[in-house]
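Novice: Let me give you the structure first, and then I'll get to my questions.
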Amino acid sequence: MSATNDNRPRQTGSAEPSHHGADVGSAPPVTPMAGRRLVVFGAAAAAVLVVLLIVTMIPRRSVDQELRAEATARDSAPTVQVTTVQRAASGTELALPGTIQALHESAIYARVTGYVKRWTADIGSIVRTGQLLAEIDAPELSQSADQAQAQLRQTHAALGLAQADLDRWKTLARDSAVTGQELDQKRAAFEAAQANTGAADANLRRLMQTREWTRVTAPFTGVITARNIDIGSLITPAGGTSAPVGATGIGGAAGAGSMFRIAQTDTVRLYLTVPEGYATSIRTGLTADVTAQGIPGRVFPGRVVRTSNALDATSRTLLTEIDVPNRDFALLPGMSAQATLHFPRTTPPLLLPASALVIRSSGVQVMVVENQPGSASATIHFRAVRLGRDYGATVEVADGLIDGTTVVLNPNADLVDGSRVRVVAATPKPGSSGAAPK
């Protein structure tokens with residue numbers, strides 16, 4: 001039976017009453033879709049699918065091609081290590097060795113000949129200016145002073161007589177009782193007596209001053225570092241004749257023959273030889289931290305007080321003096337020490353590893369890396385730079401680069417301007433902090 005016949009209302013053999021002439025609740029008739037319209041809709045759907053497929057596959061293929069090209073270029077490009085140029089710290093430091101020296105140190109010698117009567121200061125004693133250190137017994141000097149006093153009295157008597165004679169001859173000369181020549185002789189005798197009196201007085205004062213030198217006193221406040229005398233030691237102005245006591249004291253051979261050696265150590269000094277590269281940065285008042293090997297863990301503040309203002313032509317260094325307060329006398333003269341100078345910088349320079357430099361006939365250059373975002377490969381270009389100070393492992397860049405520029409380390413001689421490379425960040429060496437050179 002056909003579909004058309006199935007959809008038609010069925011007829012029964014017997015007739016229904018007239019008031020039931022139509023089927024109540026039967027479905028409306030359905031018109032079947034033509035086959036041509038189904039074909040059109042199918043073709044349109046297939047075309048849309050093809051367009052969508054093309055739209056999604058073309059970008060994917062392009063990305064795949066770019067990735068393959070980049071992988072090929074990466075595999076063929078040489079690998080280089082790179083680093084970033086950074087500025088130094090706001091201040092730099094320079095550590096130099098030296099030897100602790102007393103602010104003032106002197107060997108004390110005798111000025112008179114005699115024997116040591118007594119001494120009042122031993123090694124390690126802190127003495128004040130003018131304090132008695134020793135007394136020398138010099139009896140010959142006392143006798144010479146007594147003799148000079150007697151001679152002075154004689155000259156005073158002769159001077160008085162010459163004065164009286166001159167006054168009398170002046171009176172006689174007014175009465176024309178004596179000649180002018182005789183008056184001149186009396187006047188010369190009086191002047192000679194005056195000169196003799198002055199000479200005798202000067203000799204007595206010299207001897208009295210020399211007798212005061214039998215008391216040996218401290219020339220400045222300090223500590224006694226050597227005592228080379230004992231009671232009864234014979235002393236001469238050329239030096240002590242007895243064997244020195246404590247010959248290994250500070251000063252060594254420089255104090256041979258001296259009675260004492262005294263050093264002012266409440267402030268000590270340190271002499272440094274500053275290299276030429278830092279000589280222009282040394283200023284009076286520059287701060288320094290001083291450490292001594294014999295006092296670990298303690299830092300003494302110091303200050304630059306003076307320089308020689310001239311470089312040593314042999315070593316190309318500047319002699320610099322640093323004074324260090326030493327109120328507790330912890331620092332001892334002769335100690336090995338190290339002073340760290342602090343140089344402030346208003347404009348910190350750029351620091352560049354020395355291994356990044358390319359030295360050519362046209363000057364100093366570096367290889368600057370221009371990296372594409374999201375890419376492991378990069379292009380290098382040569383750039384001329386002007387250098388500042390050389391710290392050995394690093395150098396200052398005065399011109400040609402800016403902060404944050406990426407440069408190639410240990411550049412290969414085969415690399416040319418515009419070469420493609422693979423970049424790898426340099427691995428920092430142990431103990432390298434990347435800070436400013438010290």
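Every chain in the structure tokens has a letter given in the order shown (A, B, ...), and although residue numbers restart at 1 in each chain, ligands are simply numbered from 1 in the order shown.
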Determine which residues of region 60-184 of chain A DSSP labels as strand (DSSP E) from the backbone of this structure, then write them out as an mmCIF file with C-alpha atoms, in the first residue's frame.
Specialist:
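Saved the output as result25.cif:
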data_model
loop_
_atom_site.group_PDB
_atom_site.id
_atom_site.type_symbol
_atom_site.label_atom_id
_atom_site.label_comp_id
_atom_site.auth_asym_id
_atom_site.auth_seq_id
_atom_site.Cartn_x
_atom_site.Cartn_y
_atom_site.Cartn_z
ATOM 1 C CA THR A 79 75.361 29.326 20.337
ATOM 2 C CA VAL A 80 76.759 32.290 22.286
ATOM 3 C CA GLN A 81 76.758 33.253 25.936
ATOM 4 C CA VAL A 82 75.362 36.675 26.759
ATOM 5 C CA THR A 83 75.242 38.988 29.745
ATOM 6 C CA THR A 84 73.558 42.273 30.590
ATOM 7 C CA GLN A 86 74.682 47.018 34.466
ATOM 8 C CA ARG A 87 75.720 50.081 36.402
ATOM 9 C CA GLY A 91 80.234 53.749 45.758
ATOM 10 C CA THR A 92 83.365 51.740 45.108
ATOM 11 C CA GLU A 93 86.070 50.420 47.395
ATOM 12 C CA LEU A 94 89.788 49.823 47.182
ATOM 13 C CA ALA A 95 91.624 47.593 49.671
ATOM 14 C CA LEU A 96 95.375 48.095 50.092
ATOM 15 C CA PRO A 97 97.871 46.578 52.550
ATOM 16 C CA GLY A 98 100.044 48.566 54.912
ATOM 17 C CA THR A 99 101.895 48.559 58.225
ATOM 18 C CA ILE A 100 100.715 50.303 61.374
ATOM 19 C CA GLN A 101 103.087 53.069 62.450
ATOM 20 C CA ALA A 102 103.077 55.385 65.431
ATOM 21 C CA LEU A 103 101.927 58.930 64.817
ATOM 22 C CA HIS A 104 105.249 60.150 66.274
ATOM 23 C CA GLU A 105 108.222 57.979 67.172
ATOM 24 C CA SER A 106 111.604 59.110 68.374
ATOM 25 C CA ALA A 107 114.845 57.784 69.794
ATOM 26 C CA ILE A 108 116.007 59.751 72.848
ATOM 27 C CA GLY A 114 127.944 60.963 82.562
ATOM 28 C CA TYR A 115 126.537 57.945 84.327
ATOM 29 C CA VAL A 116 122.884 56.996 84.663
ATOM 30 C CA LYS A 117 121.886 57.974 88.156
ATOM 31 C CA ARG A 118 118.346 56.592 87.939
ATOM 32 C CA TRP A 119 115.572 55.929 85.422
ATOM 33 C CA ILE A 126 102.772 55.720 79.167
ATOM 34 C CA VAL A 127 104.467 59.058 79.775
ATOM 35 C CA LEU A 132 111.212 62.718 83.791
ATOM 36 C CA LEU A 133 112.605 59.556 82.210
ATOM 37 C CA ALA A 134 116.130 59.370 83.650
ATOM 38 C CA GLU A 135 118.801 61.385 85.452
ATOM 39 C CA ILE A 136 122.466 61.522 84.488
ATOM 40 C CA ASP A 137 125.212 62.161 87.027
#
Novice: Using DSSP assignments from the backbone, pull out every residue in region 124-192 of chain A that falls under alpha helix (DSSP H) and give it to me as a PyMOL selection string.
Specialist: chain A and resi 139-174+180-192
Novice: Taking C-alpha atoms for each residue, export the selection above as a PDB file, in the first residue's frame.
Specialist:
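Output (part-v8.pdb):
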ATOM      1  CA  PRO A 139     130.103  65.996  88.118  1.00  0.00           C
ATOM      2  CA  GLU A 140     132.485  67.482  85.539  1.00  0.00           C
ATOM      3  CA  LEU A 141     129.640  69.533  84.147  1.00  0.00           C
ATOM      4  CA  SER A 142     128.809  70.926  87.583  1.00  0.00           C
ATOM      5  CA  GLN A 143     132.433  71.904  88.143  1.00  0.00           C
ATOM      6  CA  SER A 144     132.542  73.588  84.746  1.00  0.00           C
ATOM      7  CA  ALA A 145     129.455  75.588  85.663  1.00  0.00           C
ATOM      8  CA  ASP A 146     131.070  76.686  88.952  1.00  0.00           C
ATOM      9  CA  GLN A 147     134.182  77.727  87.061  1.00  0.00           C
ATOM     10  CA  ALA A 148     132.089  79.719  84.585  1.00  0.00           C
ATOM     11  CA  GLN A 149     130.390  81.542  87.458  1.00  0.00           C
ATOM     12  CA  ALA A 150     133.784  82.520  88.907  1.00  0.00           C
ATOM     13  CA  GLN A 151     134.978  83.754  85.534  1.00  0.00           C
ATOM     14  CA  LEU A 152     131.833  85.834  85.184  1.00  0.00           C
ATOM     15  CA  ARG A 153     132.535  87.504  88.519  1.00  0.00           C
ATOM     16  CA  GLN A 154     136.100  88.273  87.379  1.00  0.00           C
ATOM     17  CA  THR A 155     134.879  89.882  84.190  1.00  0.00           C
ATOM     18  CA  HIS A 156     132.367  91.945  86.137  1.00  0.00           C
ATOM     19  CA  ALA A 157     135.191  93.231  88.377  1.00  0.00           C
ATOM     20  CA  ALA A 158     137.338  94.056  85.362  1.00  0.00           C
ATOM     21  CA  LEU A 159     134.401  95.797  83.757  1.00  0.00           C
ATOM     22  CA  GLY A 160     133.860  97.947  86.857  1.00  0.00           C
ATOM     23  CA  LEU A 161     137.517  98.976  86.937  1.00  0.00           C
ATOM     24  CA  ALA A 162     137.473  99.803  83.225  1.00  0.00           C
ATOM     25  CA  GLN A 163     134.349 101.898  83.755  1.00  0.00           C
ATOM     26  CA  ALA A 164     135.997 103.867  86.612  1.00  0.00           C
ATOM     27  CA  ASP A 165     139.180 104.457  84.605  1.00  0.00           C
ATOM     28  CA  LEU A 166     137.200 105.658  81.632  1.00  0.00           C
ATOM     29  CA  ASP A 167     135.217 108.137  83.773  1.00  0.00           C
ATOM     30  CA  ARG A 168     138.423 109.563  85.332  1.00  0.00           C
ATOM     31  CA  TRP A 169     140.175 109.938  81.980  1.00  0.00           C
ATOM     32  CA  LYS A 170     137.139 111.690  80.568  1.00  0.00           C
ATOM     33  CA  THR A 171     137.421 114.277  83.406  1.00  0.00           C
ATOM     34  CA  LEU A 172     141.161 114.696  82.823  1.00  0.00           C
ATOM     35  CA  ALA A 173     140.545 115.044  79.078  1.00  0.00           C
ATOM     36  CA  ARG A 174     138.205 118.012  79.687  1.00  0.00           C
ATOM     37  CA  GLY A 180     143.047 112.017  73.170  1.00  0.00           C
ATOM     38  CA  GLN A 181     144.956 108.830  72.427  1.00  0.00           C
ATOM     39  CA  GLU A 182     145.122 107.889  76.083  1.00  0.00           C
ATOM     40  CA  LEU A 183     141.377 108.504  76.385  1.00  0.00           C
ATOM     41  CA  ASP A 184     140.731 106.239  73.403  1.00  0.00           C
ATOM     42  CA  GLN A 185     142.793 103.485  74.998  1.00  0.00           C
ATOM     43  CA  LYS A 186     140.713 103.661  78.183  1.00  0.00           C
ATOM     44  CA  ARG A 187     137.523 103.577  76.135  1.00  0.00           C
ATOM     45  CA  ALA A 188     138.766 100.465  74.230  1.00  0.00           C
ATOM     46  CA  ALA A 189     139.691  98.782  77.496  1.00  0.00           C
ATOM     47  CA  PHE A 190     136.175  99.421  78.808  1.00  0.00           C
ATOM     48  CA  GLU A 191     134.568  97.937  75.658  1.00  0.00           C
ATOM     49  CA  ALA A 192     136.832  94.896  75.852  1.00  0.00           C
TER      50      ALA A 192
END
